[in-house]
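Asker: Attaching a single structure in structure tokens format; questions to follow.
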There are 2 protein chains.
Amino acid sequence: MQDEAIRQKIVAAARERFAHYGYGKTTMAELAGDCNMSPGNLYRYFPGKLDIAEAIVRGLFERTLETLRAIALGPELTASEKLKAVLEKLLEITYEDCKHATQLYEMAQAVSRERPEFAQHYLDAHAALLGGILAEGKARGELWVADPGKAARCLQLATAKFQNPPLWTRCSLADLKEQLAEVTDAILAGLRPPTRPQPSTPTESTHP
Amino acid sequence: MQDEAIRQKIVAAARERFAHYGYGKTTMAELAGDCNMSPGNLYRYFPGKLDIAEAIVRGLFERTLETLRAIALGPELTASEKLKAVLEKLLEITYEDCKHATQLYEMAQAVSRERPEFAQHYLDAHAALLGGILAEGKARGELWVADPGKAARCLQLATAKFQNPPLWTRCSLADLKEQLAEVTDAILAGLRPPTRPQPSTPTESTHP
């Protein structure tokens, strides 16, 4: 418990330093200094700098997932509205995290590069969340989607720009939100039942 | 004419050096040395390193546009097939250009960053090409697209991953092509007329 509190303190101090000076340029000795501990003591808590970075990114990603899950579980929105809200919130969080410190994005990239299975875990978690909403829309007859998991992956691919700040050249958050809505609407347009449903796939709307 | 030949020679030599050593690390003196000319003489042809980089990128982009236009003008494909072929060819060219030398991508990024109007010109040219195919599909009744220009921009946004090699972590060209096809199909699905067309927008298929 005490150990966990110290780990949290190290992670918070490292996040500050990485955000200001960059992940690559920071040494374990500097991080130890920030926490008033010897490098040897720091290594007792984290085997290396990458492990501290992973802990920071994990914290950010877990917080994001929790926020997105709250939207996905909300009962008031349609599946289409939930998908749009989740993707927009994800953009907002990425924008907030990277607005003042693109260093944090670079650190996340370093973790993803060195530990691809870590990055894949969160990519899969996001896909599962989107897939759940798509399956809900399918069950309600709101969306025609043969394979919710595949459609979720497709939505992730089509919105990749909005999770990667280096691609945001000269775009404000408002610009990005508008672009994201265009892409999401275009994908959703392909998942909506036609005005007159096909006879082979009955939905509630076949009984007016 | 002689001047243009010398410029071409400089551009070819610089492309080699940038591809091997990177744009950032190369000096005008080194480029002059590669061309057996004095730095002073090199500056007669190009005011700076960025101008040489722009000439290289312009050459790559113009060649790409020409290839894509040939596909767009081909009479045998449907609009959907043309869109898919154009986007796949663009991916293939980007993959080929960056496979051996991500340095070239970095150089293109440097030019785009320093001269955004240059990058925008080619983004607009690609959008115009896609928009033309979409308009053709609309005229034929093959695609239902209210605003071909807007739909073209949307296709560009949704396929941004496939023009940005840093986002290709661990993906083979085959993987990328499959992902691109998924995204393109998803967007096109939203542009296809429903099986039974809406009465307000008649197409040829209303007369079986």
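Letters for chains follow the order of the structure tokens (A, B, ...), residue numbers begin at 1 for each chain, and ligand numbers begin at 1 in the order shown.
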Using only C-alpha atoms, find which residues of chain B lie within 6 Å of chain A and jot them down as a count of residues only.

Answerer: 8

Asker: If we count only C-alpha atoms, what is near A:Leu129 at a cut-off of 9 Å, once residues fewer than 6 positions away on the same chain are taken out, given as an mmCIF file with N, CA and C atoms, in the first residue's frame?

Answerer:
data_model
loop_
_atom_site.group_PDB
_atom_site.id
_atom_site.type_symbol
_atom_site.label_atom_id
_atom_site.label_comp_id
_atom_site.auth_asym_id
_atom_site.auth_seq_id
_atom_site.Cartn_x
_atom_site.Cartn_y
_atom_site.Cartn_z
ATOM 1 N N LEU A 65 -10.816 5.140 -21.020
ATOM 2 C CA LEU A 65 -11.753 4.026 -21.205
ATOM 3 C C LEU A 65 -12.952 4.159 -20.273
ATOM 4 N N LEU A 68 -15.278 6.750 -21.619
ATOM 5 C CA LEU A 68 -15.989 6.283 -22.817
ATOM 6 C C LEU A 68 -17.040 5.232 -22.451
ATOM 7 N N ARG A 69 -16.701 4.375 -21.465
ATOM 8 C CA ARG A 69 -17.671 3.341 -21.051
ATOM 9 C C ARG A 69 -18.914 3.976 -20.457
ATOM 10 N N ALA A 72 -21.038 4.883 -23.272
ATOM 11 C CA ALA A 72 -21.589 3.687 -23.923
ATOM 12 C C ALA A 72 -22.723 3.081 -23.112
ATOM 13 N N ALA A 152 -16.497 -2.184 -36.040
ATOM 14 C CA ALA A 152 -15.795 -1.386 -35.028
ATOM 15 C C ALA A 152 -14.352 -1.124 -35.474
#

Asker: I'd like the contact shell of stretch 130-134 of chain B - 6 Å cut-off, only C-alpha atoms, skipping same-chain residues fewer than 6 positions apart - returned as a list in words.

Answerer: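 Here the answer would be Ala79, Pro148, Gly149 and Ala152 of chain B.
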
Asker: For the residues selected in the previous step, produce a file with N, CA and C atoms as an mmCIF file, in the first residue's frame.

Answerer:
data_model
loop_
_atom_site.group_PDB
_atom_site.id
_atom_site.type_symbol
_atom_site.label_atom_id
_atom_site.label_comp_id
_atom_site.auth_asym_id
_atom_site.auth_seq_id
_atom_site.Cartn_x
_atom_site.Cartn_y
_atom_site.Cartn_z
ATOM 1 N N ALA B 79 -17.648 3.839 -61.057
ATOM 2 C CA ALA B 79 -17.100 4.881 -60.175
ATOM 3 C C ALA B 79 -16.563 4.263 -58.879
ATOM 4 N N PRO B 148 -20.422 15.906 -54.176
ATOM 5 C CA PRO B 148 -19.215 15.103 -54.476
ATOM 6 C C PRO B 148 -17.938 15.681 -53.852
ATOM 7 N N GLY B 149 -17.830 17.002 -53.794
ATOM 8 C CA GLY B 149 -16.633 17.617 -53.205
ATOM 9 C C GLY B 149 -16.500 17.290 -51.726
ATOM 10 N N ALA B 152 -15.641 13.677 -51.246
ATOM 11 C CA ALA B 152 -14.233 13.432 -51.561
ATOM 12 C C ALA B 152 -13.350 13.773 -50.355
#

Asker: Just give me the gap between atom CA of A:Ala29 and atom CA of A:Phe61 in Å, one decimal is fine.

Answerer: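 One can read the atom CA of A:Ala29 to atom CA of A:Phe61 distance as 26.6 Å.
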
Asker: Applying 12 Å and only C-alpha atoms, which residues near A:Thr26 remain after dropping the ones on its own chain fewer than 3 positions away? List them as a PyMOL selection string.

Answerer: chain A and resi 13-23+29-34+48-50+52-53+103+107

Asker: Can you write out the residues you just picked, keeping C-alpha atoms, as a JSON list (two decimals), in the first residue's frame?

Answerer:
[["chain", "number", "residue", "atom", "x", "y", "z"],
["A", 13, "ALA", "CA", 6.59, 13.44, -11.05],
["A", 14, "ALA", "CA", 7.74, 11.63, -14.21],
["A", 15, "ARG", "CA", 4.65, 12.76, -16.10],
["A", 16, "GLU", "CA", 5.52, 16.37, -15.30],
["A", 17, "ARG", "CA", 9.13, 15.99, -16.36],
["A", 18, "PHE", "CA", 8.35, 14.04, -19.56],
["A", 19, "ALA", "CA", 5.73, 16.65, -20.52],
["A", 20, "HIS", "CA", 8.26, 19.47, -20.13],
["A", 21, "TYR", "CA", 11.55, 17.97, -21.27],
["A", 22, "GLY", "CA", 10.46, 15.01, -23.40],
["A", 23, "TYR", "CA", 10.68, 11.29, -22.73],
["A", 29, "ALA", "CA", 18.79, 9.91, -12.25],
["A", 30, "GLU", "CA", 16.75, 13.06, -12.95],
["A", 31, "LEU", "CA", 13.51, 11.27, -12.13],
["A", 32, "ALA", "CA", 15.02, 9.99, -8.87],
["A", 33, "GLY", "CA", 16.10, 13.56, -8.04],
["A", 34, "ASP", "CA", 12.56, 14.86, -8.60],
["A", 48, "GLY", "CA", 13.43, 1.14, -16.27],
["A", 49, "LYS", "CA", 12.24, 4.41, -17.77],
["A", 50, "LEU", "CA", 9.97, 2.61, -20.23],
["A", 52, "ILE", "CA", 7.42, 4.42, -15.81],
["A", 53, "ALA", "CA", 6.22, 5.65, -19.20],
["A", 103, "GLN", "CA", 5.76, 15.19, -25.60],
["A", 107, "MET", "CA", 6.04, 9.07, -25.03]]

Asker: I'd like the contact shell of A:Arg63 - 12 Å cut-off, only C-alpha atoms, skipping same-chain residues fewer than 3 positions apart - returned as a list in words.

Answerer: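 After dropping sequence-adjacent residues, the list is Ile56, Val57, Arg58, Gly59, Leu60, Glu66, Thr67, Leu68, Arg69, Ala70, Leu90, Ile93, Thr94, Asp97 and Tyr122 of chain A.
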
Asker: Using N, CA and C atoms, can you export the residues from the last selection as a PDB file, in the first residue's frame?

Answerer:
ATOM      1  N   ILE A  56       2.399   5.641 -16.833  1.00  0.00           N
ATOM      2  CA  ILE A  56       1.736   6.927 -17.126  1.00  0.00           C
ATOM      3  C   ILE A  56       0.669   6.726 -18.196  1.00  0.00           C
ATOM      4  N   VAL A  57       1.072   6.080 -19.295  1.00  0.00           N
ATOM      5  CA  VAL A  57       0.157   5.896 -20.420  1.00  0.00           C
ATOM      6  C   VAL A  57      -1.018   5.011 -19.994  1.00  0.00           C
ATOM      7  N   ARG A  58      -0.729   3.981 -19.188  1.00  0.00           N
ATOM      8  CA  ARG A  58      -1.803   3.110 -18.709  1.00  0.00           C
ATOM      9  C   ARG A  58      -2.828   3.929 -17.926  1.00  0.00           C
ATOM     10  N   GLY A  59      -2.336   4.826 -17.074  1.00  0.00           N
ATOM     11  CA  GLY A  59      -3.224   5.678 -16.289  1.00  0.00           C
ATOM     12  C   GLY A  59      -4.114   6.529 -17.186  1.00  0.00           C
ATOM     13  N   LEU A  60      -3.500   7.140 -18.203  1.00  0.00           N
ATOM     14  CA  LEU A  60      -4.268   7.977 -19.137  1.00  0.00           C
ATOM     15  C   LEU A  60      -5.301   7.136 -19.881  1.00  0.00           C
ATOM     16  N   GLU A  66     -12.685   4.562 -19.034  1.00  0.00           N
ATOM     17  CA  GLU A  66     -13.762   4.702 -18.053  1.00  0.00           C
ATOM     18  C   GLU A  66     -14.771   5.768 -18.517  1.00  0.00           C
ATOM     19  N   THR A  67     -14.241   6.882 -19.017  1.00  0.00           N
ATOM     20  CA  THR A  67     -15.101   7.970 -19.514  1.00  0.00           C
ATOM     21  C   THR A  67     -15.935   7.483 -20.700  1.00  0.00           C
ATOM     22  N   LEU A  68     -15.278   6.750 -21.619  1.00  0.00           N
ATOM     23  CA  LEU A  68     -15.989   6.283 -22.817  1.00  0.00           C
ATOM     24  C   LEU A  68     -17.040   5.232 -22.451  1.00  0.00           C
ATOM     25  N   ARG A  69     -16.701   4.375 -21.465  1.00  0.00           N
ATOM     26  CA  ARG A  69     -17.671   3.341 -21.051  1.00  0.00           C
ATOM     27  C   ARG A  69     -18.914   3.976 -20.457  1.00  0.00           C
ATOM     28  N   ALA A  70     -18.717   5.068 -19.731  1.00  0.00           N
ATOM     29  CA  ALA A  70     -19.868   5.759 -19.126  1.00  0.00           C
ATOM     30  C   ALA A  70     -20.820   6.246 -20.221  1.00  0.00           C
ATOM     31  N   LEU A  90     -13.259  10.884 -27.269  1.00  0.00           N
ATOM     32  CA  LEU A  90     -11.892  10.376 -27.425  1.00  0.00           C
ATOM     33  C   LEU A  90     -11.007  11.443 -28.081  1.00  0.00           C
ATOM     34  N   ILE A  93     -10.309  14.233 -25.461  1.00  0.00           N
ATOM     35  CA  ILE A  93      -9.311  13.841 -24.454  1.00  0.00           C
ATOM     36  C   ILE A  93      -7.912  13.864 -25.064  1.00  0.00           C
ATOM     37  N   THR A  94      -7.774  13.303 -26.271  1.00  0.00           N
ATOM     38  CA  THR A  94      -6.462  13.292 -26.939  1.00  0.00           C
ATOM     39  C   THR A  94      -5.999  14.726 -27.156  1.00  0.00           C
ATOM     40  N   ASP A  97      -4.899  16.228 -23.788  1.00  0.00           N
ATOM     41  CA  ASP A  97      -3.640  15.638 -23.316  1.00  0.00           C
ATOM     42  C   ASP A  97      -2.447  16.143 -24.121  1.00  0.00           C
ATOM     43  N   TYR A 122      -5.175  -1.788 -25.650  1.00  0.00           N
ATOM     44  CA  TYR A 122      -6.103  -0.659 -25.562  1.00  0.00           C
ATOM     45  C   TYR A 122      -6.860  -0.419 -26.865  1.00  0.00           C
TER      46      TYR A 122
END

Asker: Between A:Lys138, A:Arg7, A:Lys84, A:His121, which is the closest to A:Phe46 once you count only C-alpha atoms?

Answerer: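 Closest to A:Phe46 of all the choices is A:Arg7.
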
Asker: From a backbone DSSP assignment, name each residue in stretch 31-177 of chain A labelled alpha helix (DSSP H), as a PyMOL selection string.

Answerer: chain A and resi 31-34+39-45+49-73+79-99+102-114+116-139+148-158+173-177

Asker: Please indicate the distance in Å from atom CA of A:Asp175 to atom CA of B:Gln163, rounded to one decimal place.

Answerer: 20.1 Å

Asker: Hey, can you check how far atom CA of B:Gly141 sits from atom CA of B:Glu76?

Answerer: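 The value is 16.3 Å.
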